[in-house]
Every structure is written in C-alpha cells, then in structure tokens.
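Here's query_39.cif, which has mmCIF, C-alpha atoms (C1' of nucleotides):
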```
data_model
loop_
_atom_site.label_atom_id
_atom_site.label_comp_id
_atom_site.auth_asym_id
_atom_site.auth_seq_id
_atom_site.Cartn_x
_atom_site.Cartn_y
_atom_site.Cartn_z
CA MET A 1 105.84 114.01 68.55
CA SER A 2 108.18 111.37 69.93
CA MET A 3 107.06 107.76 69.75
CA LEU A 4 108.32 107.35 73.28
CA GLU A 5 106.39 110.27 74.71
CA ALA A 6 103.69 108.16 76.25
CA THR A 7 106.18 106.00 78.10
CA LEU A 8 108.29 108.79 79.53
CA ILE A 9 105.90 111.44 80.82
CA GLY A 10 106.50 112.25 84.43
CA MET A 11 109.39 109.88 84.93
CA SER A 12 111.85 112.51 85.98
CA LEU A 13 114.52 110.31 87.52
CA ARG A 14 115.10 108.92 84.05
CA HIS A 15 115.30 112.41 82.64
CA GLY A 16 117.81 113.32 85.32
CA ILE A 17 119.89 110.35 84.19
CA LEU A 18 119.60 111.42 80.56
CA GLY A 19 120.64 114.95 81.56
CA LEU A 20 123.73 113.83 83.44
CA LEU A 21 124.72 111.47 80.64
CA SER A 22 124.38 114.38 78.20
CA ILE A 23 127.33 115.99 79.97
CA ARG A 24 129.55 112.91 79.96
CA PRO A 25 129.18 109.11 79.82
CA GLY A 26 129.30 107.19 83.07
CA SER A 27 128.39 104.06 85.00
CA GLY A 28 125.54 103.58 87.44
CA TYR A 29 128.03 104.09 90.21
CA ASP A 30 129.20 107.35 88.66
CA LEU A 31 125.63 108.54 88.23
CA LEU A 32 124.83 107.79 91.85
CA ASN A 33 127.71 110.03 92.91
CA TRP A 34 126.77 112.76 90.45
CA PHE A 35 123.19 112.73 91.69
CA GLN A 36 124.40 113.08 95.27
CA GLU A 37 126.81 115.86 94.36
CA THR A 38 124.52 117.96 92.22
CA LEU A 39 120.86 116.97 91.93
CA ALA A 40 120.24 115.63 95.45
CA ASN A 41 118.26 118.70 96.48
CA VAL A 42 115.93 118.74 93.50
CA TRP A 43 115.65 115.03 92.70
CA PRO A 44 117.06 112.53 95.22
CA ALA A 45 117.95 109.14 93.76
CA THR A 46 118.50 105.86 95.51
CA GLN A 47 120.99 103.30 94.26
CA SER A 48 118.25 100.76 93.80
CA GLN A 49 116.05 102.87 91.61
CA LEU A 50 118.96 104.20 89.60
CA TYR A 51 120.17 100.79 88.44
CA GLY A 52 116.65 99.70 87.58
CA ASP A 53 115.98 102.80 85.53
CA LEU A 54 119.31 102.50 83.72
CA ASN A 55 118.24 99.10 82.47
CA LYS A 56 114.85 100.45 81.44
CA LEU A 57 116.43 103.36 79.57
CA ALA A 58 118.79 100.95 77.84
CA SER A 59 116.01 98.59 76.79
CA ASP A 60 114.04 101.60 75.52
CA GLY A 61 117.05 102.56 73.40
CA LEU A 62 117.56 105.95 75.06
CA ILE A 63 121.01 105.05 76.40
CA GLU A 64 123.49 102.33 75.50
CA VAL A 65 126.48 100.58 77.00
CA THR A 66 129.53 102.03 75.29
CA SER A 67 132.19 100.12 77.18
CA THR A 68 132.58 97.59 79.97
CA GLY A 69 135.31 97.70 82.59
CA ALA A 70 136.55 96.06 85.73
CA ARG A 71 134.09 94.69 88.30
CA GLY A 72 131.31 94.45 85.75
CA ARG A 73 131.35 98.19 85.19
CA LYS A 74 129.05 99.29 82.37
CA GLU A 75 129.59 102.72 80.95
CA TYR A 76 126.48 104.29 79.48
CA ALA A 77 126.11 107.05 76.94
CA LEU A 78 123.10 108.80 75.42
CA THR A 79 121.83 107.55 72.09
CA SER A 80 120.45 110.05 69.62
CA ALA A 81 116.94 108.94 70.62
CA GLY A 82 117.91 109.70 74.23
CA ARG A 83 119.17 113.14 73.32
CA GLU A 84 115.92 113.82 71.47
CA GLU A 85 113.80 112.62 74.36
CA LEU A 86 115.76 114.82 76.77
CA HIS A 87 115.23 117.90 74.65
CA HIS A 88 111.58 117.04 74.16
CA TRP A 89 111.11 116.71 77.92
CA LEU A 90 112.91 119.98 78.60
CA VAL A 91 110.86 122.11 76.25
CA ASP A 92 107.54 120.34 75.62
CA VAL A 93 106.54 118.51 78.80
CA GLU A 94 104.68 120.61 81.32
CA PRO A 95 106.43 120.34 84.71
CA ASN A 96 104.51 118.45 87.34
CA ARG A 97 103.52 121.04 89.91
CA VAL A 98 101.68 118.80 92.37
CA ARG A 99 103.21 119.34 95.78
CA ARG A 100 102.57 117.59 99.07
CA ASN A 101 103.69 119.32 102.22
CA ASP A 102 103.03 117.59 105.49
CA MET A 103 104.06 120.61 107.57
CA LEU A 104 101.26 122.61 105.94
CA LEU A 105 98.91 119.69 106.47
CA ARG A 106 99.73 119.88 110.16
CA VAL A 107 98.98 123.59 110.12
CA PHE A 108 95.34 122.88 109.26
CA PHE A 109 94.98 121.00 112.52
CA PHE A 110 96.74 123.47 114.80
CA SER A 111 93.47 123.94 116.71
CA LEU A 112 94.09 120.53 118.26
CA LEU A 113 97.32 121.78 119.83
CA SER A 114 98.12 124.00 122.76
CA ARG A 115 99.73 127.32 121.93
CA ASP A 116 103.08 125.98 123.17
CA GLU A 117 102.87 122.88 121.01
CA ALA A 118 102.06 124.93 117.92
CA ARG A 119 104.83 127.37 118.74
CA ALA A 120 107.33 124.51 119.09
CA LEU A 121 106.44 123.19 115.63
CA LEU A 122 106.86 126.58 114.00
CA GLU A 123 110.10 127.33 115.81
CA ARG A 124 111.50 124.01 114.71
CA GLU A 125 110.41 124.79 111.15
CA ARG A 126 112.20 128.11 111.27
CA ALA A 127 115.34 126.49 112.71
CA VAL A 128 115.45 123.68 110.16
CA PHE A 129 115.23 126.11 107.26
CA ALA A 130 117.71 128.52 108.82
CA GLU A 131 120.17 125.65 108.94
CA ALA A 132 119.35 124.57 105.39
CA GLY A 133 119.95 128.15 104.25
CA ASP A 134 123.31 128.21 106.05
CA GLY A 135 124.28 125.00 104.27
CA MET A 136 123.38 126.52 100.93
CA ARG A 137 125.39 129.67 101.59
CA GLU A 138 128.38 127.48 102.45
CA LEU A 139 127.88 125.54 99.25
CA GLU A 140 127.72 128.81 97.36
CA LYS A 141 131.17 129.73 98.67
CA SER A 142 132.78 126.32 98.21
CA VAL A 143 131.81 125.66 94.60
CA ASP A 144 133.54 127.08 91.56
CA TRP A 145 130.50 128.34 89.66
CA THR A 146 132.45 128.99 86.48
CA GLN A 147 133.48 125.37 85.93
CA GLY A 148 131.33 123.09 83.85
CA PRO A 149 127.80 123.29 82.48
CA LEU A 150 126.16 121.98 85.67
CA ALA A 151 127.74 124.59 87.91
CA ASP A 152 126.46 127.49 85.85
CA ASN A 153 122.90 126.22 85.99
CA GLY A 154 123.33 124.87 89.50
CA ARG A 155 123.80 128.45 90.65
CA ILE A 156 120.31 129.26 89.36
CA ALA A 157 118.85 126.29 91.22
CA LEU A 158 120.78 127.27 94.36
CA GLU A 159 119.30 130.75 94.16
CA TRP A 160 115.89 129.12 94.30
CA GLY A 161 116.95 127.26 97.44
CA LEU A 162 118.24 130.43 99.07
CA ARG A 163 114.98 132.22 98.37
CA TYR A 164 112.87 129.25 99.44
CA THR A 165 114.60 128.80 102.78
CA LYS A 166 114.35 132.54 103.43
CA MET A 167 110.64 132.50 102.60
CA GLN A 168 110.05 129.56 104.94
CA GLN A 169 111.72 131.34 107.82
CA GLU A 170 109.78 134.54 107.23
CA TRP A 171 106.54 132.61 106.99
CA ALA A 172 107.27 130.77 110.23
CA ASP A 173 107.97 134.09 111.94
CA TRP A 174 104.73 135.51 110.60
CA ALA A 175 102.79 132.44 111.74
CA LEU A 176 104.34 132.70 115.22
CA GLU A 177 103.09 136.28 115.42
CA GLN A 178 99.59 135.12 114.46
CA LEU A 179 99.69 132.66 117.34
CA ASP A 180 100.21 135.55 119.73
CA THR A 181 97.79 138.07 118.25
CA GLU A 182 94.88 135.73 117.41
CA ARG A 183 93.02 133.48 119.84
CA MET B 1 105.22 105.74 122.47
CA SER B 2 102.25 104.55 120.47
CA MET B 3 102.09 100.88 119.51
CA LEU B 4 100.96 102.00 116.08
CA GLU B 5 103.84 104.37 115.52
CA ALA B 6 105.70 102.03 113.22
CA THR B 7 102.73 101.54 110.95
CA LEU B 8 101.81 105.18 110.50
CA ILE B 9 105.03 107.10 109.96
CA GLY B 10 104.94 109.03 106.73
CA MET B 11 101.41 108.13 105.75
CA SER B 12 100.07 111.61 105.66
CA LEU B 13 96.90 111.01 103.69
CA ARG B 14 95.69 108.93 106.60
CA HIS B 15 96.62 111.70 108.99
CA GLY B 16 94.73 114.15 106.83
CA ILE B 17 91.70 111.89 107.14
CA LEU B 18 92.14 111.67 110.91
CA GLY B 19 92.43 115.44 111.05
CA LEU B 20 89.25 116.08 109.09
CA LEU B 21 87.37 113.48 111.12
CA SER B 22 88.54 115.24 114.29
CA ILE B 23 86.42 118.21 113.23
CA ARG B 24 83.30 116.21 112.44
CA PRO B 25 82.33 112.66 111.43
CA GLY B 26 81.73 111.94 107.77
CA SER B 27 81.61 109.41 104.96
CA GLY B 28 84.27 108.73 102.35
CA TYR B 29 82.26 110.85 99.98
CA ASP B 30 82.18 113.70 102.50
CA LEU B 31 85.91 113.41 103.06
CA LEU B 32 86.60 113.53 99.34
CA ASN B 33 84.74 116.83 99.15
CA TRP B 34 86.41 118.23 102.25
CA PHE B 35 89.82 117.35 100.86
CA GLN B 36 89.01 119.13 97.63
CA GLU B 37 87.65 122.17 99.44
CA THR B 38 90.39 122.63 101.98
CA LEU B 39 93.47 120.41 101.77
CA ALA B 40 93.79 120.03 97.99
CA ASN B 41 96.75 122.40 97.80
CA VAL B 42 98.78 120.77 100.53
CA TRP B 43 97.72 117.14 100.18
CA PRO B 44 95.69 116.12 97.13
CA ALA B 45 93.63 112.96 97.56
CA THR B 46 92.09 110.71 94.96
CA GLN B 47 88.82 108.93 95.52
CA SER B 48 90.48 105.59 95.07
CA GLN B 49 93.15 106.07 97.67
CA LEU B 50 90.76 107.65 100.11
CA TYR B 51 88.39 104.71 100.27
CA GLY B 52 91.27 102.28 100.58
CA ASP B 53 92.85 104.20 103.42
CA LEU B 54 89.53 104.55 105.22
CA ASN B 55 89.30 100.77 105.35
CA LYS B 56 92.88 100.52 106.56
CA LEU B 57 92.32 103.10 109.28
CA ALA B 58 89.18 101.25 110.36
CA SER B 59 90.91 97.88 110.51
CA ASP B 60 93.72 99.51 112.51
CA GLY B 61 91.11 100.78 114.98
CA LEU B 62 91.89 104.46 114.42
CA ILE B 63 88.43 105.22 113.07
CA GLU B 64 85.11 103.40 113.25
CA VAL B 65 81.79 103.28 111.45
CA THR B 66 79.32 105.13 113.68
CA SER B 67 76.29 104.88 111.44
CA THR B 68 75.20 103.59 108.07
CA GLY B 69 72.82 105.37 105.73
CA ALA B 70 71.25 105.28 102.32
CA ARG B 71 73.24 103.99 99.32
CA GLY B 72 75.64 102.07 101.54
CA ARG B 73 76.85 105.25 103.20
CA LYS B 74 79.23 104.59 106.08
CA GLU B 75 79.83 107.43 108.47
CA TYR B 76 83.19 107.32 110.18
CA ALA B 77 84.35 108.92 113.41
CA LEU B 78 87.70 109.00 115.20
CA THR B 79 88.28 106.47 117.95
CA SER B 80 90.30 107.51 120.97
CA ALA B 81 93.26 105.61 119.50
CA GLY B 82 92.81 107.67 116.34
CA ARG B 83 92.76 110.90 118.29
CA GLU B 84 95.95 109.86 120.08
CA GLU B 85 97.67 108.93 116.85
CA LEU B 86 96.70 112.27 115.31
CA HIS B 87 98.13 114.22 118.23
CA HIS B 88 101.25 112.06 118.25
CA TRP B 89 101.79 112.70 114.54
CA LEU B 90 101.24 116.43 114.94
CA VAL B 91 103.76 116.96 117.71
CA ASP B 92 106.24 114.06 117.61
CA VAL B 93 106.72 113.02 113.98
CA GLU B 94 109.33 115.01 112.10
CA PRO B 95 107.79 116.35 108.88
CA ASN B 96 109.08 114.79 105.70
CA ARG B 97 111.05 117.51 103.96
CA VAL B 98 112.12 115.59 100.87
CA ARG B 99 111.04 117.61 97.84
CA ARG B 100 111.22 116.78 94.17
CA ASN B 101 110.94 119.63 91.71
CA ASP B 102 111.13 118.82 88.06
CA MET B 103 111.31 122.47 87.02
CA LEU B 104 114.53 122.83 89.00
CA LEU B 105 115.76 119.58 87.52
CA ARG B 106 115.26 121.11 84.09
CA VAL B 107 117.22 124.16 85.18
CA PHE B 108 120.34 122.02 85.62
CA PHE B 109 120.21 121.19 81.93
CA PHE B 110 119.53 124.65 80.57
CA SER B 111 122.86 124.52 78.72
CA LEU B 112 121.20 122.15 76.26
CA LEU B 113 118.69 124.84 75.31
CA SER B 114 118.86 127.95 73.21
CA ARG B 115 118.44 131.22 75.04
CA ASP B 116 114.92 131.54 73.65
CA GLU B 117 113.94 128.05 74.78
CA ALA B 118 115.23 128.71 78.29
CA ARG B 119 113.50 132.08 78.37
CA ALA B 120 110.20 130.48 77.34
CA LEU B 121 110.39 127.98 80.21
CA LEU B 122 111.07 130.66 82.79
CA GLU B 123 108.39 132.97 81.45
CA ARG B 124 105.88 130.16 81.59
CA GLU B 125 106.97 129.44 85.16
CA ARG B 126 106.44 133.05 86.12
CA ALA B 127 103.03 133.11 84.44
CA VAL B 128 101.83 129.89 86.07
CA PHE B 129 102.72 131.14 89.53
CA ALA B 130 101.30 134.57 88.88
CA GLU B 131 98.01 132.91 88.05
CA ALA B 132 98.23 130.62 91.08
CA GLY B 133 98.84 133.68 93.26
CA ASP B 134 95.80 135.41 91.74
CA GLY B 135 93.69 132.36 92.54
CA MET B 136 94.87 132.44 96.12
CA ARG B 137 94.11 136.12 96.54
CA GLU B 138 90.60 135.44 95.22
CA LEU B 139 90.23 132.59 97.67
CA GLU B 140 91.41 134.91 100.43
CA LYS B 141 88.56 137.30 99.64
CA SER B 142 85.86 134.67 99.16
CA VAL B 143 86.35 132.69 102.36
CA ASP B 144 85.05 133.66 105.77
CA TRP B 145 88.23 133.18 107.79
CA THR B 146 86.46 133.50 111.12
CA GLN B 147 84.20 130.47 110.61
CA GLY B 148 85.33 127.07 111.84
CA PRO B 149 88.61 125.63 113.03
CA LEU B 150 89.88 124.85 109.51
CA ALA B 151 89.45 128.37 108.20
CA ASP B 152 91.50 129.91 110.98
CA ASN B 153 94.42 127.61 110.26
CA GLY B 154 93.76 127.58 106.55
CA ARG B 155 94.59 131.27 106.51
CA ILE B 156 98.07 130.42 107.81
CA ALA B 157 98.53 127.81 105.08
CA LEU B 158 97.22 130.27 102.48
CA GLU B 159 99.78 132.82 103.61
CA TRP B 160 102.43 130.22 102.82
CA GLY B 161 100.99 129.84 99.34
CA LEU B 162 100.93 133.60 98.77
CA ARG B 163 104.56 133.89 99.79
CA TYR B 164 105.57 130.82 97.80
CA THR B 165 103.98 131.98 94.56
CA LYS B 166 105.52 135.43 95.01
CA MET B 167 108.95 133.89 95.60
CA GLN B 168 108.62 131.75 92.48
CA GLN B 169 107.82 134.75 90.33
CA GLU B 170 110.69 136.78 91.74
CA TRP B 171 113.07 133.87 91.22
CA ALA B 172 111.92 133.42 87.63
CA ASP B 173 112.50 137.13 87.02
CA TRP B 174 115.96 136.90 88.54
CA ALA B 175 116.77 133.83 86.43
CA LEU B 176 115.58 135.61 83.28
CA GLU B 177 118.00 138.43 84.06
CA GLN B 178 120.84 135.92 84.46
CA LEU B 179 120.05 134.60 80.99
CA ASP B 180 120.70 138.07 79.57
CA THR B 181 123.76 139.02 81.61
CA GLU B 182 125.61 135.70 81.55
CA ARG B 183 126.71 133.76 78.49
"C1'" DC C 1 145.90 90.38 103.64
"C1'" DT C 2 142.46 93.24 104.99
"C1'" DG C 3 139.49 96.93 104.66
"C1'" DT C 4 137.61 100.37 101.56
"C1'" DA C 5 135.83 101.65 97.46
"C1'" DC C 6 133.91 100.10 93.26
"C1'" DA C 7 130.06 97.89 91.07
"C1'" DT C 8 125.46 95.83 90.10
"C1'" DG C 9 121.50 93.74 91.08
"C1'" DT C 10 116.71 91.79 93.43
"C1'" DA C 11 112.72 91.58 96.79
"C1'" DA C 12 109.33 93.42 99.66
"C1'" DT C 13 106.61 97.06 100.71
"C1'" DA C 14 104.30 101.48 100.47
"C1'" DC C 15 102.23 105.24 98.22
"C1'" DG C 16 99.83 107.37 94.35
"C1'" DT C 17 97.21 107.68 89.79
"C1'" DT C 18 94.05 106.25 86.25
"C1'" DA C 19 90.64 103.55 84.71
"C1'" DC C 20 87.13 100.42 85.43
"C1'" DA C 21 82.94 98.83 87.77
"C1'" DT C 22 78.61 99.04 90.13
"C1'" DG C 23 74.63 100.62 92.09
"C1'" DA C 24 71.12 103.70 94.91
"C1'" DT C 25 68.69 108.08 95.57
"C1'" DT C 26 66.86 112.38 94.51
"C1'" DC C 27 64.91 115.99 91.88
"C1'" DA C 28 63.13 118.21 87.95
"C1'" DT D 1 61.98 108.71 83.57
"C1'" DG D 2 66.30 110.43 82.98
"C1'" DA D 3 70.19 113.06 84.61
"C1'" DA D 4 72.89 114.47 88.41
"C1'" DT D 5 74.58 113.35 92.65
"C1'" DC D 6 75.61 110.24 96.20
"C1'" DA D 7 78.26 106.29 97.42
"C1'" DT D 8 81.80 102.58 97.52
"C1'" DG D 9 84.89 99.62 95.73
"C1'" DT D 10 88.76 96.92 92.65
"C1'" DA D 11 92.61 96.33 89.17
"C1'" DA D 12 96.62 97.60 86.83
"C1'" DC D 13 100.45 100.19 86.78
"C1'" DG D 14 104.16 103.42 88.00
"C1'" DT D 15 107.28 105.38 91.26
"C1'" DA D 16 110.07 105.40 95.53
"C1'" DT D 17 112.25 103.43 99.83
"C1'" DT D 18 114.58 99.99 102.56
"C1'" DA D 19 116.80 95.95 103.03
"C1'" DC D 20 119.06 92.17 101.24
"C1'" DA D 21 122.61 90.00 98.30
"C1'" DT D 22 126.86 89.38 95.85
"C1'" DG D 23 131.24 89.98 94.16
"C1'" DT D 24 135.81 92.52 92.30
"C1'" DA D 25 139.83 95.55 92.54
"C1'" DC D 26 143.02 98.24 94.74
"C1'" DA D 27 145.85 100.51 98.22
"C1'" DG D 28 148.25 100.46 102.45
#
```

Rewrite the structure from the file as structure tokens, please.
Amino acid sequence: MSMLEATLIGMSLRHGILGLLSIRPGSGYDLLNWFQETLANVWPATQSQLYGDLNKLASDGLIEVTSTGARGRKEYALTSAGREELHHWLVDVEPNRVRRNDMLLRVFFFSLLSRDEARALLERERAVFAEAGDGMRELEKSVDWTQGPLADNGRIALEWGLRYTKMQQEWADWALEQLDTER
Amino acid sequence: MSMLEATLIGMSLRHGILGLLSIRPGSGYDLLNWFQETLANVWPATQSQLYGDLNKLASDGLIEVTSTGARGRKEYALTSAGREELHHWLVDVEPNRVRRNDMLLRVFFFSLLSRDEARALLERERAVFAEAGDGMRELEKSVDWTQGPLADNGRIALEWGLRYTKMQQEWADWALEQLDTER
DNA sequence: CTGTACATGTAATACGTTACATGATTCA
DNA sequence: TGAATCATGTAACGTATTACATGTACAG
C-alpha cells in the first residue's frame, strides 16, 4: 500500500496530469493544451487548477522539474513515486461512480410543466446530443488513431461517447412518446 | 427575468429542494429522506449540505417556515418567489452538461497496464453496471408508478438509468473485444 | 514595434464530503 | 430506562470555476 494513498484518493485531475506526463514531460502550458486536445471530454481542466495541482504534485514528490526554459517555463516529469502512484490509481482505486445530472433532476418535476414546455426540454436534449454525436464522428474521421499511445486508447473512450450520445437521443425520443401516450 | 437568477444558476441541490417542496411541505429531515428515496441517483444530498441550503433558501425568500414542531422541527414550504424560481430553472436554465468520468480517464492510460490488468478493470466495470441494472429492474417492479407526481416522472428517469447501465455493459464488452483483437 | 502566443501564478467564491456536536421524543 | 429515530446545526477540508494579475519571447 502506497504511503501517499490517503492523500490522493479521488483527486483525478492530478492523476490525469500524472498520466499525461507518463507519455512525455511537459510544462503546465503544455499540459493545458494536452488536456484540451485529449481529455477535455472526460476530465476538463482549468488553467488555474492545473498550475496549483502541479505545485502540489511536485511538493508531494510525484513529479519534478527537470528543466527550466524561457519565460519561466518549468518542464515537469514523473518521478518513480509518481509512476507508482499512477499505476496504483489505475488498478487499485475504485472509480468514483457518483453522478449528478440536472436534466434528470428536472425530469422529476415535469408535472409542473405544460406538455409543450416538457416537450421543448426533451427536444432540446435530443438536439444537443445529436450535435455532440456529430462532433464525435467528425473527430473520429480527423484523428489518426494509429499514432501514439493516447490515440489508441482515446478511440475506446470515443466509442463510449458515441454510444452515450446515441443512448441519450433514443431516451429523449422514448420520453417524448411517453408525453403523448400518458396523461 | 428573475432578480434572483444570478444567485441560483447551477445550484441544483437547491432546485431539488424547491422541487420536492413543490409537492408537499416538509422539514429538513423529511427532505433528507425524500432525497434518498427518489432523487439519490440523479442528485445525491448529504444531511450537512441540505440543512445549510435550507437556511440559504429561506434567507433568499424562496422558502419559508410554515410551522414548528417537536424537537425543533421546522416545516418549510415554497413561497411564490420559490415557485417562480423553480419554474424559471426548469424551462429557462440550460442544463449543465459538464461530466467527469474517472473510468474513462483511466482508459486513456490503458497502455500503462498489462492486458490482464486492463481486462480486470473492464470486467469489473461490466459487473458493477450489470448489478446496478439489476437493482433498477427490481426498483421498477417494487414501485407503484401510478401513485403521485414523482413516480410518474421517476419512471422516465429510471428508463434513463436502465438504458445507461445497458450501454455501459455493452461498451465494456466491446472494449474487451478490442483488447483481444488489437495489440 | 506591436500583437500573439507562451508562461505562471493568486484571490474570491461556490459546491460537496466527512466528521463532529447536540439534544428531544417515542416506543418497547 | 435505554435504544432508535427524529431533528438541526457547525467545522475542516477538498475540489472546481471565474476573474484578476503579471510578465517574456517571438514573428511579421
């Protein structure tokens, strides 16, 4: 059991950082771009939080500054403790499955709405996820899925997104039918 | 446009409270139970946060204490401002669609794992969602879906859960196949 | 020489969890 | 009378967002 276990449970932004740094070293600025390019859909990161967590990871000894460059650039790399912690998190830490969904919360109070208002919400839901699905199919075409370790696995995550957006649309269609048949 | 709009965007626990109080008045203790019975899967609430938010809603004039009982019990009811805010949130506020998923985050770093380690994660994922789906199908049988305004809409939310858990299992199966065919 | 990109940080605020803290009422 | 339930609250901490703040290097 890692000595650092207690301090790192559930802090997934930091594990995302460790994961990206396991592929290649980089600065906070690099990491921000990599997050936006690859992990944005599963774990969005803001600039502010990223820099703070980099300093925490460094002071915990999980990453270290390996070189400094122009404009105060600090290049970070994983330490061996960081690599251990990353592996530990991947295989031993139960994923957090708590989900909050404020569309579904709204659904519970549909009785307060007119049929047209409820229909508008569901149609918007269907449209938003149809568009998200289109975006993912475009991404699927535009990325070279054979290049690099992230791409290979990214395809598996993208498949989840494709299935999720499809499910959302089908559910919204089903719910729209309920609106007509019930009541 | 509501004067309170700025203060209530994104605070969905409070809207969950408003929604439950729209059905019938109740105490913090009542609300805690109602959350656990009905909304737990879409918006979990802790006792601590609930009592704090009740006081905030009351000081914002969205709910009010309508009677006090034994053991310091305070029964809350919606005010007309609260009812307005609830309707406004339902129809005018764009749902927050930001999702974080630390299983998918792990997927991006599957290259760091052996095939057996990756397989174990995906099999666990499939098992967890199979069990969750079973629980939902039991719930479906045990609840009288014709009784009360929450049940009617709860069935629509449950349908989402049934489809979501099914999708997760199918995705995990697909990903397990990829593990065998690729690499 | 000017704008864009590179580069890092802090402060204020909000939301959420866990643990701590206290006490009244009811029922067996 | 003791245990379970009813009932409300605070404190400490962690995570996330937005806005603020500052400055360097490079390319056209």

Taking the file above as input, evaluate the PyMOL selection byres ((chain A) within 6 of (chain B)) and report the hits as a ChimeraX atom specification. /A:42-43,95,100-104,108,150,153-154,157

Put those residues in a file: C-alpha atoms, as a PDB file, in the frame of the given file.
```pdb
ATOM      1  CA  VAL A  42     115.930 118.740  93.500  1.00  0.00           C
ATOM      2  CA  TRP A  43     115.650 115.030  92.700  1.00  0.00           C
ATOM      3  CA  PRO A  95     106.430 120.340  84.710  1.00  0.00           C
ATOM      4  CA  ARG A 100     102.570 117.590  99.070  1.00  0.00           C
ATOM      5  CA  ASN A 101     103.690 119.320 102.220  1.00  0.00           C
ATOM      6  CA  ASP A 102     103.030 117.590 105.490  1.00  0.00           C
ATOM      7  CA  MET A 103     104.060 120.610 107.570  1.00  0.00           C
ATOM      8  CA  LEU A 104     101.260 122.610 105.940  1.00  0.00           C
ATOM      9  CA  PHE A 108      95.340 122.880 109.260  1.00  0.00           C
ATOM     10  CA  LEU A 150     126.160 121.980  85.670  1.00  0.00           C
ATOM     11  CA  ASN A 153     122.900 126.220  85.990  1.00  0.00           C
ATOM     12  CA  GLY A 154     123.330 124.870  89.500  1.00  0.00           C
ATOM     13  CA  ALA A 157     118.850 126.290  91.220  1.00  0.00           C
TER      14      ALA A 157
END
```

Output the residue selection produced by the PyMOL selection byres ((chain B) within 10 of (chain C)) on the file above, formatted as a PyMOL selection string. chain B and resi 10-11+13+45-46+48-49+70-72

Pick from B:Asp180, B:Asp144, B:Gly28, B:Leu62, whichever lies nearest to Glu85 in chain B using all atoms listed in the file: B:Leu62

Output the contact residues of chain D with respect to chain A at a cut-off of 12 Å, based on all atoms listed in the file, as number ranges by chain. D: 13-20, 22-26

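The spacing separating CA of Leu32 in chain B from CA of Tyr51 in chain B amounts to 9.0 Å.
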
Hey, can you check how far C1' of DG9 in chain D sits from CA of Ser80 in chain B?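 Distance between the two atoms: 27.0 Å.
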
Please measure the separation of CA of Glu131 in chain B and CA of Asp173 in chain B, giving the value in Å to one decimal.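 It comes out at 15.1 Å.
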
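When only C-alpha atoms are used to compute distances to Asp60 in chain A, the closest of the residues A:Ala127, A:Met136, A:Val143, A:Ala81 turns out to be A:Ala81.
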
Residue neighbourhood Leu21 in chain A, 9 Å, all atoms listed in the file, exclusion window fewer than 6 positions, as JSON, numbers by chain: {"A": [31, 63, 76, 77, 78]}
